[in-house]
Amino acid sequence: MGNKMMMKSQAEFEQDYQRKQECKPITNNNRETISAGIKSSNQKKGSSKYRILILDSTNWQRIIFRNTQVKIVQKNATEKEEERVLSEVNILEKLDHPNILKINEYYSDDRFHYIITDFYSGGELFSKIQERRIFSETYAARIIRQLLYSVNYCHLHGIAHREIRPENIMLERCSEFASAILIDFGLCSKISHKMHSSVNHPYYQAPEIQQKKYNESIDIWAIGVITYILLCGYPPFGGDTNRKIIDNVLKKPLIFDEQDWSKSSNESKEFVRKILLKDPSQRITIDQALNDPWIVKNYELQVTDSQLKRVLTNLVNYNCQSKLQEATLKLIVLYLASREELSELREVFTCIDTKNDGYIDVEELQAAMLKIFDTETAERQSNKICAEDETLSYSQFLAQAIDKQAILQKSKIETAFKLIDRNASGNINVEELSEAFKCNLTGNDYWIEIMNEVDANHDGALSLVEFTNMMKKLIQS
Ligand SMILES: [Ca+2]
Ligand SMILES: [Ca+2]
């Protein structure tokens, strides 16, 4: 896929925006059609990087930009299913990691849930396996490393995913170096001693699941099965029926067919062997897996010194003066940053986070800065950015480290303005601010204060000029 296809000129962008103004809100009659349209456009992998959908759940029109899609779930369901959707939304809203599905917004009305998430054009890892059957060790180690990194983050947040399989791993774009993104948290659970329900497809089920008592180590088992599949093209424990598969998982010893594994390294087999131990207490931990010789040897970050320098310089120069500036910048990054920019930042973030916990702390930042700056600068700047032992989350990092010149082009600022100015009056009022950034909703007083920070002519609203000036300050500073 050429990168050019992903880029839209400003004129095309404007045209699409105009089209949005002409669209009718979803009604009960056309809602299903729109929902079906989303499904079919998903199937055309990589053909549509730019989608616009209109929701009427709060009676105003809304555009969803490229990089995003909406999942519409009918609300007819049983109480249990309803709970599942809400718990998934609730959990995903809290997770903020380069290799985990990003949920951008959530709405509901009487009949439907609308879950707006990032859109990943590379499709499922499952389809890729069907296409290619086996993969090089470098490719496999890269995918598995990213999977371990995301699952480590889940476990550190007290969450077991419980349904790790290739259908639930997306590739963020169509490229050999695309990142793997863990999705579908519908079966995830708070880690506890009470976990007992039967989860995941039998191919990926750890043996202890049959004992109806297990811990988060079942996620590592599933990763071991996926590694095996990537390297030889079929699961370690097969069978014609689910019962047969489960029997094999429980009783059959792990074997590496001589012919099918003839080209694989001993380290790769060792790695799989250390994971696929039927006794969970013997199985290696995620931390051990992340530092396993096979992973370390085959996993190479795609970060050059010049990239690292550019990104760290952006981070150092980041100088946000108002909360609205910061919130708007996050919105622009979320909806308008290019795939390439985000991929690069995802890679750099991973490279800096050497403790693999999904946050950048002062030590990690300083170590990264030492590769680029002198000791004094590295120490001073890392202490300034992570003041008082604050850590940088992934989305904070994205907003602070993104190239401001590129992301704060006039057209993008204007589009962000239109996103917030929901009634298209040409002015943003306090209600629109609080609606646009509702994840921060803390009452109108909070937003009045924020409005006052940037409302230059004190008319209680933000014009496009005031808004643009506010954002341009991020470039000048
Ligand atoms: Ca870290
Ligand atoms: Ca004003």
# chains A, B, ... in the order shown; residues from 1 in each chain; ligands from 1

$ residues_near_ligand --ligand "ligand 1" --cutoff "6 Å" --atoms "only C-alpha atoms and all ligand atoms" --output "PyMOL selection string"
chain A and resi 353-361

$ write_last_selection --atoms "C-alpha atoms" --output "CSV table (one decimal), in the first residue's frame"
chain,number,residue,atom,x,y,z
A,353,ASP,CA,10.3,2.3,28.2
A,354,THR,CA,13.0,-0.2,29.1
A,355,LYS,CA,11.2,-1.5,32.2
A,356,ASN,CA,8.3,-2.5,29.9
A,357,ASP,CA,5.6,-1.2,32.2
A,358,GLY,CA,3.9,1.1,29.7
A,359,TYR,CA,5.1,4.4,31.4
A,360,ILE,CA,8.2,6.5,30.9
A,361,ASP,CA,9.8,7.4,34.2

$ residues_near_ligand --ligand "ligand 2" --cutoff "8 Å" --atoms "only C-alpha atoms and all ligand atoms" --output "PyMOL selection string"
chain A and resi 427+454-463+466

$ closest_residue --among "A:Glu363, A:Asp96, A:Glu79, A:Asp260" --to "His157 (chain A)" --atoms "only C-alpha atoms"
A:Asp96

$ closest_atom_pairs --of "region 316-382 of chain A" --to "region 391-397 of chain A" --cutoff "12 Å" --atoms "only C-alpha atoms" --output "JSON lines"
{"residue": "A:Val316", "atom": "CA", "partner": "A:Phe397", "partner_atom": "CA", "distance": 11.4}
{"residue": "A:Tyr318", "atom": "CA", "partner": "A:Phe397", "partner_atom": "CA", "distance": 10.5}
{"residue": "A:Cys320", "atom": "CA", "partner": "A:Gln396", "partner_atom": "CA", "distance": 11.9}
{"residue": "A:Glu326", "atom": "CA", "partner": "A:Gln396", "partner_atom": "CA", "distance": 9.1}
{"residue": "A:Ala327", "atom": "CA", "partner": "A:Gln396", "partner_atom": "CA", "distance": 10.0}
{"residue": "A:Leu329", "atom": "CA", "partner": "A:Gln396", "partner_atom": "CA", "distance": 10.0}
{"residue": "A:Lys330", "atom": "CA", "partner": "A:Ser395", "partner_atom": "CA", "distance": 7.4}
{"residue": "A:Leu331", "atom": "CA", "partner": "A:Ser395", "partner_atom": "CA", "distance": 10.3}
{"residue": "A:Ile332", "atom": "CA", "partner": "A:Ser395", "partner_atom": "CA", "distance": 11.7}
{"residue": "A:Val333", "atom": "CA", "partner": "A:Ser395", "partner_atom": "CA", "distance": 8.9}
{"residue": "A:Leu334", "atom": "CA", "partner": "A:Ser395", "partner_atom": "CA", "distance": 8.8}
{"residue": "A:Leu342", "atom": "CA", "partner": "A:Ser395", "partner_atom": "CA", "distance": 10.8}
{"residue": "A:Leu345", "atom": "CA", "partner": "A:Phe397", "partner_atom": "CA", "distance": 8.5}
{"residue": "A:Arg346", "atom": "CA", "partner": "A:Tyr394", "partner_atom": "CA", "distance": 8.4}
{"residue": "A:Glu347", "atom": "CA", "partner": "A:Tyr394", "partner_atom": "CA", "distance": 11.3}
{"residue": "A:Val348", "atom": "CA", "partner": "A:Phe397", "partner_atom": "CA", "distance": 10.0}
{"residue": "A:Phe349", "atom": "CA", "partner": "A:Tyr394", "partner_atom": "CA", "distance": 7.4}
{"residue": "A:Thr350", "atom": "CA", "partner": "A:Tyr394", "partner_atom": "CA", "distance": 9.5}
{"residue": "A:Ile352", "atom": "CA", "partner": "A:Phe397", "partner_atom": "CA", "distance": 10.9}
{"residue": "A:Asp353", "atom": "CA", "partner": "A:Leu392", "partner_atom": "CA", "distance": 10.0}
{"residue": "A:Asp357", "atom": "CA", "partner": "A:Ser393", "partner_atom": "CA", "distance": 10.1}
{"residue": "A:Gly358", "atom": "CA", "partner": "A:Tyr394", "partner_atom": "CA", "distance": 7.1}
{"residue": "A:Tyr359", "atom": "CA", "partner": "A:Ser393", "partner_atom": "CA", "distance": 5.1}
{"residue": "A:Ile360", "atom": "CA", "partner": "A:Leu392", "partner_atom": "CA", "distance": 5.0}
{"residue": "A:Asp361", "atom": "CA", "partner": "A:Thr391", "partner_atom": "CA", "distance": 4.6}
{"residue": "A:Val362", "atom": "CA", "partner": "A:Thr391", "partner_atom": "CA", "distance": 7.0}
{"residue": "A:Glu363", "atom": "CA", "partner": "A:Thr391", "partner_atom": "CA", "distance": 9.9}
{"residue": "A:Glu364", "atom": "CA", "partner": "A:Thr391", "partner_atom": "CA", "distance": 9.8}
{"residue": "A:Leu365", "atom": "CA", "partner": "A:Leu392", "partner_atom": "CA", "distance": 9.5}
{"residue": "A:Ser382", "atom": "CA", "partner": "A:Thr391", "partner_atom": "CA", "distance": 10.5}

$ residues_around --residues "His161 (chain A)" --least-positions-apart "2" --cutoff "10 Å" --atoms "only C-alpha atoms" --output "list in words"
Val151, Cys154, His155, Gly158, Ile159, Glu163, Ile164, Leu182, Ile183, Asp184, Phe185, Gly186, Leu187, Cys188, Ser189, Lys190, Ile191, Val199, Asn200, Glu216, Ile218 and Asp219 of chain A

$ residues_around --residues "Arg142 (chain A)" --least-positions-apart "3" --cutoff "9 Å" --atoms "only C-alpha atoms" --output "NGL selection string"
:A and (137-139 or 145-147 or 177 or 179-180 or 295 or 298-301)

$ select_by_dssp --residues "region 99-335 of chain A" --states "strand (DSSP E)" --output "PyMOL selection string"
chain A and resi 103-108+112-118+159-160+169-171+180-182+189-190

$ write_last_selection --atoms "C-alpha atoms" --output "compact mmCIF listing (two decimals), in the first residue's frame"
# COMPACT_ATOMS: atom_id res chain seq x y z
CA ILE A 103 -11.10 3.66 22.71
CA ASN A 104 -11.66 7.28 21.80
CA GLU A 105 -15.25 7.85 22.71
CA TYR A 106 -18.34 6.04 23.82
CA TYR A 107 -22.01 6.95 23.47
CA SER A 108 -25.27 5.15 23.90
CA PHE A 112 -27.42 1.07 20.65
CA HIS A 113 -23.96 1.42 22.13
CA TYR A 114 -21.48 3.34 19.96
CA ILE A 115 -17.87 2.52 20.68
CA ILE A 116 -15.47 4.71 18.74
CA THR A 117 -11.99 3.28 18.50
CA ASP A 118 -8.83 3.56 16.47
CA ILE A 159 -6.43 -7.39 34.36
CA ALA A 160 -6.20 -10.81 32.71
CA ILE A 169 -4.61 -9.22 17.48
CA MET A 170 -4.76 -6.48 14.86
CA LEU A 171 -1.94 -5.19 12.69
CA ALA A 180 0.46 -5.67 16.80
CA ILE A 181 -2.52 -4.30 18.71
CA LEU A 182 -4.40 -6.34 21.30
CA SER A 189 -11.36 -10.22 34.19
CA LYS A 190 -9.87 -8.61 37.24

$ atom_distance --atom1 "CA of Ile475 (chain A)" --atom2 "CA of Leu433 (chain A)"
22.4 Å

$ closest_residue --among "A:Val430, A:Ile372, A:Val89, A:Ala424" --to "Ile450 (chain A)" --atoms "only C-alpha atoms"
A:Val430

$ decode --residues "region 235-274 of chain A" --atoms "C-alpha atoms" --output "compact mmCIF listing (two decimals), in the first residue's frame"
# COMPACT_ATOMS: atom_id res chain seq x y z
CA PRO A 235 -1.13 -25.26 16.74
CA PRO A 236 0.87 -27.47 19.13
CA PHE A 237 -2.24 -29.32 20.30
CA GLY A 238 -4.79 -30.03 17.58
CA GLY A 239 -7.79 -32.32 17.16
CA ASP A 240 -10.98 -32.78 15.10
CA THR A 241 -13.29 -31.76 17.92
CA ASN A 242 -13.02 -29.35 20.83
CA ARG A 243 -13.01 -32.31 23.21
CA LYS A 244 -10.10 -33.91 21.35
CA ILE A 245 -8.14 -30.63 21.36
CA ILE A 246 -8.65 -30.23 25.11
CA ASP A 247 -7.56 -33.85 25.70
CA ASN A 248 -4.38 -33.19 23.74
CA VAL A 249 -3.73 -29.96 25.64
CA LEU A 250 -4.04 -31.90 28.88
CA LYS A 251 -2.15 -35.07 28.00
CA LYS A 252 -0.15 -34.87 24.81
CA PRO A 253 3.51 -33.93 25.24
CA LEU A 254 4.80 -30.89 23.38
CA ILE A 255 6.66 -31.95 20.25
CA PHE A 256 8.50 -30.10 17.50
CA ASP A 257 8.17 -32.05 14.25
CA GLU A 258 11.69 -32.47 12.93
CA GLN A 259 10.85 -31.49 9.39
CA ASP A 260 8.53 -28.57 10.17
CA TRP A 261 11.00 -27.12 12.67
CA SER A 262 14.16 -27.92 10.73
CA LYS A 263 14.84 -24.28 9.90
CA SER A 264 14.01 -22.92 13.37
CA SER A 265 16.65 -22.00 15.91
CA ASN A 266 17.07 -23.88 19.17
CA GLU A 267 16.36 -20.65 21.05
CA SER A 268 12.91 -20.40 19.46
CA LYS A 269 12.05 -23.96 20.51
CA GLU A 270 13.43 -23.30 24.01
CA PHE A 271 11.27 -20.19 24.27
CA VAL A 272 8.11 -22.11 23.34
CA ARG A 273 9.09 -25.00 25.64
CA LYS A 274 9.51 -22.66 28.64
